[in-house]
file run.pdb (PDB, C-alpha atoms)
MODEL        1
ATOM      1  CA  MET A  51     -22.417-102.128  73.920
ATOM      2  CA  HIS A  52     -18.713-102.936  73.630
ATOM      3  CA  ALA A  53     -16.097-103.309  76.327
ATOM      4  CA  ASP A  54     -13.616-101.089  74.458
ATOM      5  CA  GLU A  55     -15.889 -98.441  72.973
ATOM      6  CA  ILE A  56     -14.977 -94.738  73.091
ATOM      7  CA  GLU A  57     -17.046 -92.357  75.212
ATOM      8  CA  VAL A  58     -18.502 -89.505  73.171
ATOM      9  CA  ASP A  59     -20.395 -86.585  74.698
ATOM     10  CA  ASP A  60     -21.775 -83.205  73.627
ATOM     11  CA  GLY A  61     -18.680 -81.351  74.795
ATOM     12  CA  LEU A  62     -16.384 -83.458  72.638
ATOM     13  CA  VAL A  63     -18.518 -82.927  69.544
ATOM     14  CA  ARG A  64     -18.735 -79.181  70.155
ATOM     15  CA  SER A  65     -14.951 -79.040  70.525
ATOM     16  CA  LEU A  66     -14.330 -80.984  67.305
ATOM     17  CA  LEU A  67     -16.690 -78.731  65.372
ATOM     18  CA  ALA A  68     -15.269 -75.532  66.835
ATOM     19  CA  GLU A  69     -11.701 -76.481  65.924
ATOM     20  CA  GLN A  70     -12.225 -78.170  62.567
ATOM     21  CA  ALA A  71     -15.587 -77.031  61.140
ATOM     22  CA  PRO A  72     -16.302 -73.661  62.781
ATOM     23  CA  GLY A  73     -18.902 -72.713  60.217
ATOM     24  CA  TRP A  74     -21.202 -75.340  61.684
ATOM     25  CA  ALA A  75     -20.184 -75.017  65.336
ATOM     26  CA  GLY A  76     -23.051 -72.725  66.287
ATOM     27  CA  LEU A  77     -25.828 -74.962  64.976
ATOM     28  CA  PRO A  78     -28.122 -76.817  67.395
ATOM     29  CA  LEU A  79     -26.730 -80.221  68.353
ATOM     30  CA  ILE A  80     -28.966 -83.109  69.448
ATOM     31  CA  ARG A  81     -27.784 -86.647  70.188
ATOM     32  CA  VAL A  82     -29.838 -89.210  68.277
ATOM     33  CA  PRO A  83     -30.911 -92.509  69.860
ATOM     34  CA  THR A  84     -29.927 -95.151  67.326
ATOM     35  CA  TRP A  85     -30.173 -98.904  66.852
ATOM     36  CA  GLY A  86     -26.670 -98.961  65.383
ATOM     37  CA  THR A  87     -23.649-100.300  67.205
ATOM     38  CA  ASP A  88     -20.532 -98.558  65.950
ATOM     39  CA  HIS A  89     -21.220 -94.792  65.751
ATOM     40  CA  VAL A  90     -22.548 -92.050  67.967
ATOM     41  CA  ILE A  91     -24.822 -89.845  65.850
ATOM     42  CA  TYR A  92     -25.842 -86.234  66.394
ATOM     43  CA  ARG A  93     -28.261 -84.120  64.439
ATOM     44  CA  LEU A  94     -26.575 -80.838  63.567
ATOM     45  CA  GLY A  95     -29.032 -78.088  62.777
ATOM     46  CA  GLU A  96     -31.875 -79.024  60.475
ATOM     47  CA  HIS A  97     -30.023 -80.525  57.542
ATOM     48  CA  LEU A  98     -26.823 -82.185  58.843
ATOM     49  CA  SER A  99     -25.638 -85.038  61.023
ATOM     50  CA  VAL A 100     -22.354 -85.788  62.771
ATOM     51  CA  ARG A 101     -21.193 -89.401  62.928
ATOM     52  CA  LEU A 102     -18.424 -90.372  65.323
ATOM     53  CA  PRO A 103     -17.020 -93.926  65.397
ATOM     54  CA  LYS A 104     -16.956 -95.346  68.912
ATOM     55  CA  ILE A 105     -15.235 -98.642  68.168
ATOM     56  CA  GLY A 106     -12.105 -99.517  66.210
ATOM     57  CA  TRP A 107     -13.748-101.605  63.487
ATOM     58  CA  ALA A 108     -15.682 -98.497  62.332
ATOM     59  CA  ALA A 109     -12.674 -96.168  62.328
ATOM     60  CA  ALA A 110     -12.288 -96.079  58.536
ATOM     61  CA  GLN A 111     -15.979 -95.810  57.639
ATOM     62  CA  GLY A 112     -15.898 -92.050  57.087
ATOM     63  CA  GLU A 113     -13.066 -92.333  54.576
ATOM     64  CA  LYS A 114     -14.798 -95.227  52.839
ATOM     65  CA  GLU A 115     -18.089 -93.363  52.573
ATOM     66  CA  GLN A 116     -16.393 -90.146  51.425
ATOM     67  CA  ARG A 117     -14.662 -92.100  48.634
ATOM     68  CA  TRP A 118     -17.584 -94.145  47.383
ATOM     69  CA  LEU A 119     -20.938 -92.633  48.370
ATOM     70  CA  PRO A 120     -20.770 -89.687  45.952
ATOM     71  CA  VAL A 121     -20.234 -92.217  43.151
ATOM     72  CA  ILE A 122     -23.074 -94.429  44.358
ATOM     73  CA  ALA A 123     -25.454 -91.562  45.155
ATOM     74  CA  ALA A 124     -25.259 -90.280  41.588
ATOM     75  CA  GLN A 125     -26.441 -93.592  40.147
ATOM     76  CA  VAL A 126     -29.124 -95.029  42.445
ATOM     77  CA  SER A 127     -32.784 -94.104  42.746
ATOM     78  CA  VAL A 128     -32.800 -93.295  46.477
ATOM     79  CA  GLU A 129     -30.959 -90.786  48.644
ATOM     80  CA  VAL A 130     -27.557 -91.740  50.025
ATOM     81  CA  PRO A 131     -25.798 -89.652  52.734
ATOM     82  CA  ALA A 132     -22.458 -88.876  51.090
ATOM     83  CA  PRO A 133     -20.171 -87.163  53.655
ATOM     84  CA  LEU A 134     -19.684 -83.420  53.313
ATOM     85  CA  PHE A 135     -16.706 -83.121  55.664
ATOM     86  CA  LEU A 136     -14.210 -85.585  57.126
ATOM     87  CA  GLY A 137     -12.655 -84.549  60.420
ATOM     88  CA  GLN A 138      -9.430 -85.561  62.127
ATOM     89  CA  PRO A 139      -8.641 -87.151  65.523
ATOM     90  CA  GLN A 140      -8.311 -84.518  68.226
ATOM     91  CA  GLY A 141      -8.019 -84.065  71.988
ATOM     92  CA  GLY A 142      -7.858 -87.728  72.877
ATOM     93  CA  TYR A 143     -10.590 -88.741  70.439
ATOM     94  CA  PRO A 144      -8.748 -91.233  68.188
ATOM     95  CA  TYR A 145     -10.870 -91.592  65.049
ATOM     96  CA  ARG A 146     -11.808 -89.662  61.938
ATOM     97  CA  TRP A 147     -15.375 -88.349  62.236
ATOM     98  CA  TYR A 148     -17.611 -86.873  59.597
ATOM     99  CA  VAL A 149     -20.526 -84.602  58.769
ATOM    100  CA  SER A 150     -23.189 -85.915  56.399
ATOM    101  CA  PRO A 151     -26.607 -84.751  55.206
ATOM    102  CA  TRP A 152     -29.517 -85.484  57.516
ATOM    103  CA  LEU A 153     -31.957 -87.525  55.441
ATOM    104  CA  ALA A 154     -35.621 -87.328  56.337
ATOM    105  CA  GLY A 155     -37.677 -90.475  56.810
ATOM    106  CA  GLU A 156     -38.590 -93.255  59.202
ATOM    107  CA  ASN A 157     -37.540 -96.890  59.403
ATOM    108  CA  PRO A 158     -40.178 -99.281  58.053
ATOM    109  CA  ARG A 159     -42.924 -99.844  60.619
ATOM    110  CA  PRO A 160     -45.787-102.280  61.182
ATOM    111  CA  GLY A 161     -48.575-101.346  58.858
ATOM    112  CA  ASP A 162     -46.326-100.258  55.979
ATOM    113  CA  ASP A 163     -47.135-101.756  52.599
ATOM    114  CA  LEU A 164     -44.410-104.417  52.418
ATOM    115  CA  ILE A 165     -45.306-105.403  48.862
ATOM    116  CA  LEU A 166     -44.667-101.836  47.711
ATOM    117  CA  LEU A 167     -41.473-101.655  49.772
ATOM    118  CA  ALA A 168     -40.245-104.976  48.346
ATOM    119  CA  GLY A 169     -40.495-103.561  44.833
ATOM    120  CA  ASP A 170     -38.691-100.370  45.831
ATOM    121  CA  LEU A 171     -35.872-102.229  47.567
ATOM    122  CA  ALA A 172     -35.436-104.589  44.624
ATOM    123  CA  ALA A 173     -35.138-101.587  42.290
ATOM    124  CA  PHE A 174     -32.454-100.092  44.542
ATOM    125  CA  VAL A 175     -30.478-103.359  44.638
ATOM    126  CA  LEU A 176     -30.626-103.599  40.849
ATOM    127  CA  ASP A 177     -29.413-100.004  40.515
ATOM    128  CA  LEU A 178     -26.529-100.727  42.867
ATOM    129  CA  GLN A 179     -25.458-103.853  41.035
ATOM    130  CA  ARG A 180     -25.157-102.004  37.725
ATOM    131  CA  LEU A 181     -22.358 -99.803  39.071
ATOM    132  CA  ASP A 182     -18.760-100.220  37.957
ATOM    133  CA  VAL A 183     -16.779-102.075  40.672
ATOM    134  CA  THR A 184     -13.329-100.939  39.544
ATOM    135  CA  GLY A 185     -11.306-100.204  42.680
ATOM    136  CA  ALA A 186     -14.160-101.112  45.014
ATOM    137  CA  PRO A 187     -13.315-102.698  48.395
ATOM    138  CA  ARG A 188     -13.541-106.505  48.456
ATOM    139  CA  PRO A 189     -14.496-108.955  51.226
ATOM    140  CA  THR A 190     -11.700-110.216  53.451
ATOM    141  CA  GLY A 191     -11.714-112.944  56.084
ATOM    142  CA  SER A 192     -15.256-113.705  57.210
ATOM    143  CA  ASP A 193     -16.737-110.484  55.751
ATOM    144  CA  ARG A 194     -20.276-110.564  54.465
ATOM    145  CA  GLY A 195     -20.248-110.819  50.705
ATOM    146  CA  GLY A 196     -17.371-113.303  50.594
ATOM    147  CA  PRO A 197     -17.552-117.113  50.709
ATOM    148  CA  LEU A 198     -19.874-118.339  53.459
ATOM    149  CA  ALA A 199     -17.431-121.064  54.454
ATOM    150  CA  ASP A 200     -15.043-118.377  55.694
ATOM    151  CA  ALA A 201     -17.650-117.349  58.288
ATOM    152  CA  ASP A 202     -18.462-120.889  59.443
ATOM    153  CA  THR A 203     -16.820-120.720  62.860
ATOM    154  CA  ALA A 204     -18.045-117.169  63.447
ATOM    155  CA  THR A 205     -21.599-118.416  62.835
ATOM    156  CA  ARG A 206     -21.622-121.796  64.549
ATOM    157  CA  GLU A 207     -20.043-120.742  67.839
ATOM    158  CA  PRO A 208     -22.630-118.072  68.768
ATOM    159  CA  ALA A 209     -25.438-120.263  67.434
ATOM    160  CA  GLU A 210     -24.547-122.915  70.006
ATOM    161  CA  ARG A 211     -25.112-120.334  72.759
ATOM    162  CA  LEU A 212     -28.776-120.134  71.725
ATOM    163  CA  ARG A 213     -29.622-123.745  72.575
ATOM    164  CA  GLY A 214     -32.700-123.874  74.757
ATOM    165  CA  GLN A 215     -33.969-120.616  73.247
ATOM    166  CA  THR A 216     -34.673-121.679  69.658
ATOM    167  CA  ASP A 217     -34.212-124.546  67.197
ATOM    168  CA  VAL A 218     -30.475-124.233  66.715
ATOM    169  CA  ASP A 219     -30.233-127.424  64.663
ATOM    170  CA  ALA A 220     -32.698-126.032  62.112
ATOM    171  CA  LEU A 221     -30.870-122.720  61.923
ATOM    172  CA  LEU A 222     -27.556-124.480  61.389
ATOM    173  CA  ALA A 223     -29.182-126.633  58.708
ATOM    174  CA  ALA A 224     -30.188-123.418  56.900
ATOM    175  CA  TRP A 225     -26.640-122.138  57.334
ATOM    176  CA  GLN A 226     -25.150-125.377  56.025
ATOM    177  CA  ALA A 227     -27.468-125.348  53.015
ATOM    178  CA  GLY A 228     -26.027-121.966  52.083
ATOM    179  CA  VAL A 229     -22.447-123.090  52.651
ATOM    180  CA  GLN A 230     -22.963-126.148  50.456
ATOM    181  CA  ALA A 231     -24.814-124.280  47.694
ATOM    182  CA  PRO A 232     -22.762-123.419  44.603
ATOM    183  CA  GLY A 233     -20.936-120.155  45.176
ATOM    184  CA  TRP A 234     -21.196-116.974  43.152
ATOM    185  CA  ASP A 235     -19.265-117.465  39.906
ATOM    186  CA  GLY A 236     -20.079-114.134  38.281
ATOM    187  CA  PRO A 237     -18.108-110.886  38.534
ATOM    188  CA  PRO A 238     -18.232-109.128  41.927
ATOM    189  CA  ARG A 239     -21.118-106.695  42.244
ATOM    190  CA  TRP A 240     -21.632-103.703  44.500
ATOM    191  CA  VAL A 241     -23.538-104.659  47.648
ATOM    192  CA  HIS A 242     -24.666-102.599  50.618
ATOM    193  CA  GLY A 243     -23.930-105.490  52.959
ATOM    194  CA  ASP A 244     -26.377-104.625  55.754
ATOM    195  CA  LEU A 245     -29.853-104.152  54.292
ATOM    196  CA  MET A 246     -31.699-104.343  57.600
ATOM    197  CA  ASP A 247     -34.795-102.219  58.183
ATOM    198  CA  GLY A 248     -32.799 -99.944  60.505
ATOM    199  CA  ASN A 249     -30.768 -98.818  57.488
ATOM    200  CA  LEU A 250     -33.780 -98.036  55.309
ATOM    201  CA  LEU A 251     -35.727 -94.758  55.422
ATOM    202  CA  VAL A 252     -39.306 -94.556  54.173
ATOM    203  CA  ARG A 253     -41.341 -91.462  53.279
ATOM    204  CA  HIS A 254     -45.043 -91.682  52.417
ATOM    205  CA  GLY A 255     -44.773 -95.457  52.251
ATOM    206  CA  ARG A 256     -41.963 -95.518  49.677
ATOM    207  CA  LEU A 257     -38.261 -96.255  50.090
ATOM    208  CA  ALA A 258     -36.554 -92.857  50.161
ATOM    209  CA  ALA A 259     -33.006 -93.430  51.424
ATOM    210  CA  VAL A 260     -30.480 -96.094  52.368
ATOM    211  CA  ILE A 261     -27.984 -95.252  55.120
ATOM    212  CA  ASP A 262     -25.016 -96.784  56.972
ATOM    213  CA  TRP A 263     -22.691 -97.959  54.215
ATOM    214  CA  GLY A 264     -19.872 -99.298  56.364
ATOM    215  CA  SER A 265     -20.261-102.808  54.925
ATOM    216  CA  CYS A 266     -20.467-101.817  51.247
ATOM    217  CA  LYS A 267     -18.121-103.617  48.885
ATOM    218  CA  ALA A 268     -17.958-105.596  45.656
ATOM    219  CA  GLY A 269     -18.808-109.238  46.316
ATOM    220  CA  ASP A 270     -21.481-111.926  46.153
ATOM    221  CA  PRO A 271     -24.863-110.215  45.645
ATOM    222  CA  ALA A 272     -26.514-112.839  47.867
ATOM    223  CA  ILE A 273     -25.655-110.753  50.930
ATOM    224  CA  ASP A 274     -28.216-108.110  49.945
ATOM    225  CA  LEU A 275     -30.995-110.704  50.166
ATOM    226  CA  ILE A 276     -30.958-110.616  53.980
ATOM    227  CA  ALA A 277     -33.853-108.147  53.969
ATOM    228  CA  ALA A 278     -36.019-110.984  52.657
ATOM    229  CA  TRP A 279     -36.003-112.465  56.170
ATOM    230  CA  SER A 280     -35.226-109.447  58.347
ATOM    231  CA  LEU A 281     -37.986-107.227  56.952
ATOM    232  CA  PHE A 282     -40.419-108.978  54.646
ATOM    233  CA  ASP A 283     -43.205-111.463  55.286
ATOM    234  CA  GLU A 284     -43.831-114.477  53.058
ATOM    235  CA  ALA A 285     -45.783-112.609  50.382
ATOM    236  CA  SER A 286     -43.469-109.595  50.155
ATOM    237  CA  ARG A 287     -40.424-111.890  50.304
ATOM    238  CA  ALA A 288     -41.664-113.593  47.142
ATOM    239  CA  VAL A 289     -42.203-110.214  45.454
ATOM    240  CA  PHE A 290     -38.694-109.088  46.409
ATOM    241  CA  ARG A 291     -37.177-112.202  44.856
ATOM    242  CA  GLN A 292     -39.331-111.987  41.731
ATOM    243  CA  ARG A 293     -38.569-108.279  41.142
ATOM    244  CA  LEU A 294     -34.829-108.875  41.472
ATOM    245  CA  GLY A 295     -35.042-111.378  38.643
ATOM    246  CA  PHE A 296     -31.517-112.792  38.926
ATOM    247  CA  VAL A 297     -31.906-114.891  42.105
ATOM    248  CA  ASP A 298     -31.529-118.600  41.478
ATOM    249  CA  GLN A 299     -31.959-121.202  44.220
ATOM    250  CA  PRO A 300     -28.266-121.365  45.244
ATOM    251  CA  MET A 301     -28.185-117.586  45.691
ATOM    252  CA  TRP A 302     -31.427-117.693  47.684
ATOM    253  CA  LEU A 303     -29.931-120.300  50.013
ATOM    254  CA  ARG A 304     -26.762-118.231  50.427
ATOM    255  CA  GLY A 305     -28.795-115.130  51.215
ATOM    256  CA  ARG A 306     -30.840-116.976  53.824
ATOM    257  CA  ALA A 307     -27.651-118.347  55.335
ATOM    258  CA  TRP A 308     -26.215-114.828  55.668
ATOM    259  CA  ALA A 309     -29.429-113.738  57.397
ATOM    260  CA  VAL A 310     -29.016-116.619  59.876
ATOM    261  CA  SER A 311     -25.371-115.748  60.457
ATOM    262  CA  ALA A 312     -26.100-112.095  61.245
ATOM    263  CA  ALA A 313     -28.926-113.020  63.618
ATOM    264  CA  VAL A 314     -27.154-115.715  65.615
ATOM    265  CA  GLN A 315     -24.068-113.538  66.029
ATOM    266  CA  ALA A 316     -26.125-110.571  67.236
ATOM    267  CA  LEU A 317     -28.412-112.341  69.703
ATOM    268  CA  PRO A 318     -25.894-113.372  72.376
ATOM    269  CA  TYR A 319     -23.635-110.343  71.832
ATOM    270  CA  TYR A 320     -26.325-107.651  72.132
ATOM    271  CA  ARG A 321     -28.736-109.515  74.415
ATOM    272  CA  ASP A 322     -28.384-107.051  77.301
ATOM    273  CA  THR A 323     -27.401-103.872  75.446
ATOM    274  CA  ASN A 324     -29.405-103.376  72.237
ATOM    275  CA  PRO A 325     -33.062-104.449  72.358
ATOM    276  CA  ASP A 326     -33.721-103.192  68.814
ATOM    277  CA  ILE A 327     -31.084-105.442  67.265
ATOM    278  CA  VAL A 328     -32.239-108.339  69.431
ATOM    279  CA  ALA A 329     -35.846-107.894  68.271
ATOM    280  CA  ARG A 330     -34.773-107.684  64.635
ATOM    281  CA  SER A 331     -32.616-110.780  65.024
ATOM    282  CA  TRP A 332     -35.431-112.819  66.531
ATOM    283  CA  ARG A 333     -37.595-111.738  63.605
ATOM    284  CA  VAL A 334     -34.993-113.229  61.243
ATOM    285  CA  VAL A 335     -34.837-116.451  63.270
ATOM    286  CA  ASN A 336     -38.609-116.854  63.253
ATOM    287  CA  ALA A 337     -38.849-116.072  59.531
ATOM    288  CA  VAL A 338     -36.144-118.608  58.648
ATOM    289  CA  LEU A 339     -37.718-121.310  60.818
ATOM    290  CA  ALA A 340     -41.105-120.655  59.216
ATOM    291  CA  ASP A 341     -39.428-120.783  55.800
ATOM    292  CA  LEU A 342     -37.920-124.187  56.613
ATOM    293  CA  ARG A 343     -41.302-125.516  57.707
TER
ENDMDL
END

call {"tool": "encode", "arguments": {"input": "run.pdb", "output": "structure tokens"}}
result
Amino acid sequence: MHADEIEVDDGLVRSLLAEQAPGWAGLPLIRVPTWGTDHVIYRLGEHLSVRLPKIGWAAAQGEKEQRWLPVIAAQVSVEVPAPLFLGQPQGGYPYRWYVSPWLAGENPRPGDDLILLAGDLAAFVLDLQRLDVTGAPRPTGSDRGGPLADADTATREPAERLRGQTDVDALLAAWQAGVQAPGWDGPPRWVHGDLMDGNLLVRHGRLAAVIDWGSCKAGDPAIDLIAAWSLFDEASRAVFRQRLGFVDQPMWLRGRAWAVSAAVQALPYYRDTNPDIVARSWRVVNAVLADLR
């Protein structure tokens, strides 16, 4: 998916485990097909997973998750995969890798009760926002969760590459409405930063776990509204907003703008390499355009 990504194979993972975590080295190892873009993931035995960054921007995720996920996991109502072991670079592999629990569940699928899921996800977001943010990482540059204006160029340039495929002017109008909306003037709050359906696990129709915390930080809570357009339909979107309780119109516009930004950046970049992300991104585009109409 990336020109400069690291190649990871079974032999490398076996070698890392044998040298640094020998107690787990004999467990069955199965590579997991994943919609994600920055890690190679293996299932290790029945209850564990191995996550190996394959691109530089994800190199520090293991350390970040090891520091913060135990704190978060103890205070939210769903399972969170706090790392159990953080490995070191070795044998030409340049990044820190990590072993985490394997959490059971499936991504939300057509036919799931989205109204029920909207209530569950709202409860999780509220739990997360009650956490103490002392020492938490903060947005920098054009990071999600910071001011939208800082991501203006990063949003508009890829959007222009979609002309002829969708209503780019309408999408940029939704983006601009978020940029122009009053910004968040409250204290920073913990956010997941990437609440797409691929990072949610459902069991028996209920939200059971939230994974992939590489974008977590303390910032503008509007970023965790992106699920409203990436996952929910009109009715469940309204339930999600109502159950959250704190979402005024400026925050709603900022959340929709972040959903647009993520989609228009992903579509040209992953067009030929990640059909799952492309499909999810088109779903956001279509939901936002329907919302505008």

call {"tool": "atom_distance", "arguments": {"input": "run.pdb", "atom1": "CA of Ile122 (chain A)", "atom2": "CA of Gly169 (chain A)"}}
result
19.7 Å

call {"tool": "residues_around", "arguments": {"input": "run.pdb", "residues": "region 59-66 of chain A", "least_positions_apart": "4", "cutoff": "12 Å", "atoms": "all atoms listed in the file", "output": "PyMOL selection string"}}
result
chain A and resi 70-82+90-94+99-104+136-149

call {"tool": "write_last_selection", "arguments": {"input": "run.pdb", "atoms": "C-alpha atoms", "output": "mmCIF file, keeping the file's coordinate frame"}}
result
data_model
loop_
_atom_site.group_PDB
_atom_site.id
_atom_site.type_symbol
_atom_site.label_atom_id
_atom_site.label_comp_id
_atom_site.auth_asym_id
_atom_site.auth_seq_id
_atom_site.Cartn_x
_atom_site.Cartn_y
_atom_site.Cartn_z
ATOM 1 C CA GLN A 70 -12.225 -78.170 62.567
ATOM 2 C CA ALA A 71 -15.587 -77.031 61.140
ATOM 3 C CA PRO A 72 -16.302 -73.661 62.781
ATOM 4 C CA GLY A 73 -18.902 -72.713 60.217
ATOM 5 C CA TRP A 74 -21.202 -75.340 61.684
ATOM 6 C CA ALA A 75 -20.184 -75.017 65.336
ATOM 7 C CA GLY A 76 -23.051 -72.725 66.287
ATOM 8 C CA LEU A 77 -25.828 -74.962 64.976
ATOM 9 C CA PRO A 78 -28.122 -76.817 67.395
ATOM 10 C CA LEU A 79 -26.730 -80.221 68.353
ATOM 11 C CA ILE A 80 -28.966 -83.109 69.448
ATOM 12 C CA ARG A 81 -27.784 -86.647 70.188
ATOM 13 C CA VAL A 82 -29.838 -89.210 68.277
ATOM 14 C CA VAL A 90 -22.548 -92.050 67.967
ATOM 15 C CA ILE A 91 -24.822 -89.845 65.850
ATOM 16 C CA TYR A 92 -25.842 -86.234 66.394
ATOM 17 C CA ARG A 93 -28.261 -84.120 64.439
ATOM 18 C CA LEU A 94 -26.575 -80.838 63.567
ATOM 19 C CA SER A 99 -25.638 -85.038 61.023
ATOM 20 C CA VAL A 100 -22.354 -85.788 62.771
ATOM 21 C CA ARG A 101 -21.193 -89.401 62.928
ATOM 22 C CA LEU A 102 -18.424 -90.372 65.323
ATOM 23 C CA PRO A 103 -17.020 -93.926 65.397
ATOM 24 C CA LYS A 104 -16.956 -95.346 68.912
ATOM 25 C CA LEU A 136 -14.210 -85.585 57.126
ATOM 26 C CA GLY A 137 -12.655 -84.549 60.420
ATOM 27 C CA GLN A 138 -9.430 -85.561 62.127
ATOM 28 C CA PRO A 139 -8.641 -87.151 65.523
ATOM 29 C CA GLN A 140 -8.311 -84.518 68.226
ATOM 30 C CA GLY A 141 -8.019 -84.065 71.988
ATOM 31 C CA GLY A 142 -7.858 -87.728 72.877
ATOM 32 C CA TYR A 143 -10.590 -88.741 70.439
ATOM 33 C CA PRO A 144 -8.748 -91.233 68.188
ATOM 34 C CA TYR A 145 -10.870 -91.592 65.049
ATOM 35 C CA ARG A 146 -11.808 -89.662 61.938
ATOM 36 C CA TRP A 147 -15.375 -88.349 62.236
ATOM 37 C CA TYR A 148 -17.611 -86.873 59.597
ATOM 38 C CA VAL A 149 -20.526 -84.602 58.769
#

call {"tool": "resolve_selection", "arguments": {"input": "run.pdb", "expression": "the PyMOL selection byres ((chain A and resi 291) around 12)", "output": "mmCIF file with C-alpha atoms, keeping the file's coordinate frame"}}
result
data_model
loop_
_atom_site.group_PDB
_atom_site.id
_atom_site.type_symbol
_atom_site.label_atom_id
_atom_site.label_comp_id
_atom_site.auth_asym_id
_atom_site.auth_seq_id
_atom_site.Cartn_x
_atom_site.Cartn_y
_atom_site.Cartn_z
ATOM 1 C CA ILE A 165 -45.306 -105.403 48.862
ATOM 2 C CA ALA A 168 -40.245 -104.976 48.346
ATOM 3 C CA GLY A 169 -40.495 -103.561 44.833
ATOM 4 C CA ASP A 170 -38.691 -100.370 45.831
ATOM 5 C CA LEU A 171 -35.872 -102.229 47.567
ATOM 6 C CA ALA A 172 -35.436 -104.589 44.624
ATOM 7 C CA ALA A 173 -35.138 -101.587 42.290
ATOM 8 C CA VAL A 175 -30.478 -103.359 44.638
ATOM 9 C CA LEU A 176 -30.626 -103.599 40.849
ATOM 10 C CA ALA A 272 -26.514 -112.839 47.867
ATOM 11 C CA ASP A 274 -28.216 -108.110 49.945
ATOM 12 C CA LEU A 275 -30.995 -110.704 50.166
ATOM 13 C CA ILE A 276 -30.958 -110.616 53.980
ATOM 14 C CA ALA A 277 -33.853 -108.147 53.969
ATOM 15 C CA ALA A 278 -36.019 -110.984 52.657
ATOM 16 C CA TRP A 279 -36.003 -112.465 56.170
ATOM 17 C CA PHE A 282 -40.419 -108.978 54.646
ATOM 18 C CA GLU A 284 -43.831 -114.477 53.058
ATOM 19 C CA ALA A 285 -45.783 -112.609 50.382
ATOM 20 C CA SER A 286 -43.469 -109.595 50.155
ATOM 21 C CA ARG A 287 -40.424 -111.890 50.304
ATOM 22 C CA ALA A 288 -41.664 -113.593 47.142
ATOM 23 C CA VAL A 289 -42.203 -110.214 45.454
ATOM 24 C CA PHE A 290 -38.694 -109.088 46.409
ATOM 25 C CA GLN A 292 -39.331 -111.987 41.731
ATOM 26 C CA ARG A 293 -38.569 -108.279 41.142
ATOM 27 C CA LEU A 294 -34.829 -108.875 41.472
ATOM 28 C CA GLY A 295 -35.042 -111.378 38.643
ATOM 29 C CA PHE A 296 -31.517 -112.792 38.926
ATOM 30 C CA VAL A 297 -31.906 -114.891 42.105
ATOM 31 C CA ASP A 298 -31.529 -118.600 41.478
ATOM 32 C CA GLN A 299 -31.959 -121.202 44.220
ATOM 33 C CA MET A 301 -28.185 -117.586 45.691
ATOM 34 C CA TRP A 302 -31.427 -117.693 47.684
ATOM 35 C CA GLY A 305 -28.795 -115.130 51.215
ATOM 36 C CA ARG A 306 -30.840 -116.976 53.824
#

call {"tool": "closest_atom_pairs", "arguments": {"input": "run.pdb", "of": "region 186-224 of chain A", "to": "region 238-256 of chain A", "cutoff": "8 Å", "atoms": "all atoms listed in the file", "output": "Markdown table"}}
result
| residue | atom | partner | partner_atom | distance |
| --- | --- | --- | --- | --- |
| A:Ala186 | CA | A:Trp240 | CA | 7.9 |
| A:Arg194 | CA | A:Gly243 | CA | 6.4 |
| A:Gly195 | CA | A:Gly243 | CA | 6.9 |

call {"tool": "residues_around", "arguments": {"input": "run.pdb", "residues": "Thr205 (chain A)", "least_positions_apart": "3", "cutoff": "9 Å", "atoms": "only C-alpha atoms", "output": "PyMOL selection string"}}
result
chain A and resi 201-202+208-210+222+225+310-312+314-315

call {"tool": "resolve_selection", "arguments": {"input": "run.pdb", "expression": "the PyMOL selection byres ((chain A and resi 196) around 12)", "output": "PyMOL selection string"}}
result
chain A and resi 187-195+197-202+229+233-235+238-239+241+243+265-273+304-305+308

call {"tool": "closest_residue", "arguments": {"input": "run.pdb", "among": "A:Leu164, A:His89, A:Trp263, A:Thr216", "to": "Pro120 (chain A)", "atoms": "only C-alpha atoms"}}
result
A:Trp263

call {"tool": "resolve_selection", "arguments": {"input": "run.pdb", "expression": "the PyMOL selection byres ((chain A and resi 343) around 12)", "output": "list in words"}}
result
Asp217, Ala220, Leu221, Ala224, Asn336, Ala337, Val338, Leu339, Ala340, Asp341 and Leu342 of chain A

call {"tool": "atom_distance", "arguments": {"input": "run.pdb", "atom1": "CA of Ser150 (chain A)", "atom2": "CA of Pro133 (chain A)"}}
result
4.3 Å

call {"tool": "atom_distance", "arguments": {"input": "run.pdb", "atom1": "CA of Asp182 (chain A)", "atom2": "CA of Val121 (chain A)"}}
result
9.7 Å

call {"tool": "residues_around", "arguments": {"input": "run.pdb", "residues": "Gln111 (chain A)", "least_positions_apart": "3", "cutoff": "8 Å", "atoms": "only C-alpha atoms", "output": "PyMOL selection string"}}
result
chain A and resi 108+114-115+263-264

call {"tool": "axis_aligned_box", "arguments": {"input": "run.pdb", "around": "region 65-73 of chain A", "padding_each_side": "4 Å", "output": "AutoDock Vina command-line options"}}
result
--center_x -15.3 --center_y -76.8 --center_z 65.4 --size_x 15.2 --size_y 16.3 --size_z 18.3

call {"tool": "closest_residue", "arguments": {"input": "run.pdb", "among": "A:Asp326, A:Glu96, A:Asp283, A:Asp219", "to": "Gly161 (chain A)", "atoms": "all atoms listed in the file"}}
result
A:Asp283

call {"tool": "residues_around", "arguments": {"input": "run.pdb", "residues": "region 126-130 of chain A", "least_positions_apart": "6", "cutoff": "8 Å", "atoms": "all atoms listed in the file", "output": "list in words"}}
result
Leu119, Leu153, Ala173, Phe174, Asp177, Leu178, Leu257, Ala258, Ala259, Val260 and Ile261 of chain A

call {"tool": "residues_around", "arguments": {"input": "run.pdb", "residues": "Pro325 (chain A)", "least_positions_apart": "3", "cutoff": "12 Å", "atoms": "only C-alpha atoms", "output": "PyMOL selection string"}}
result
chain A and resi 51+84-87+316-322+328-332
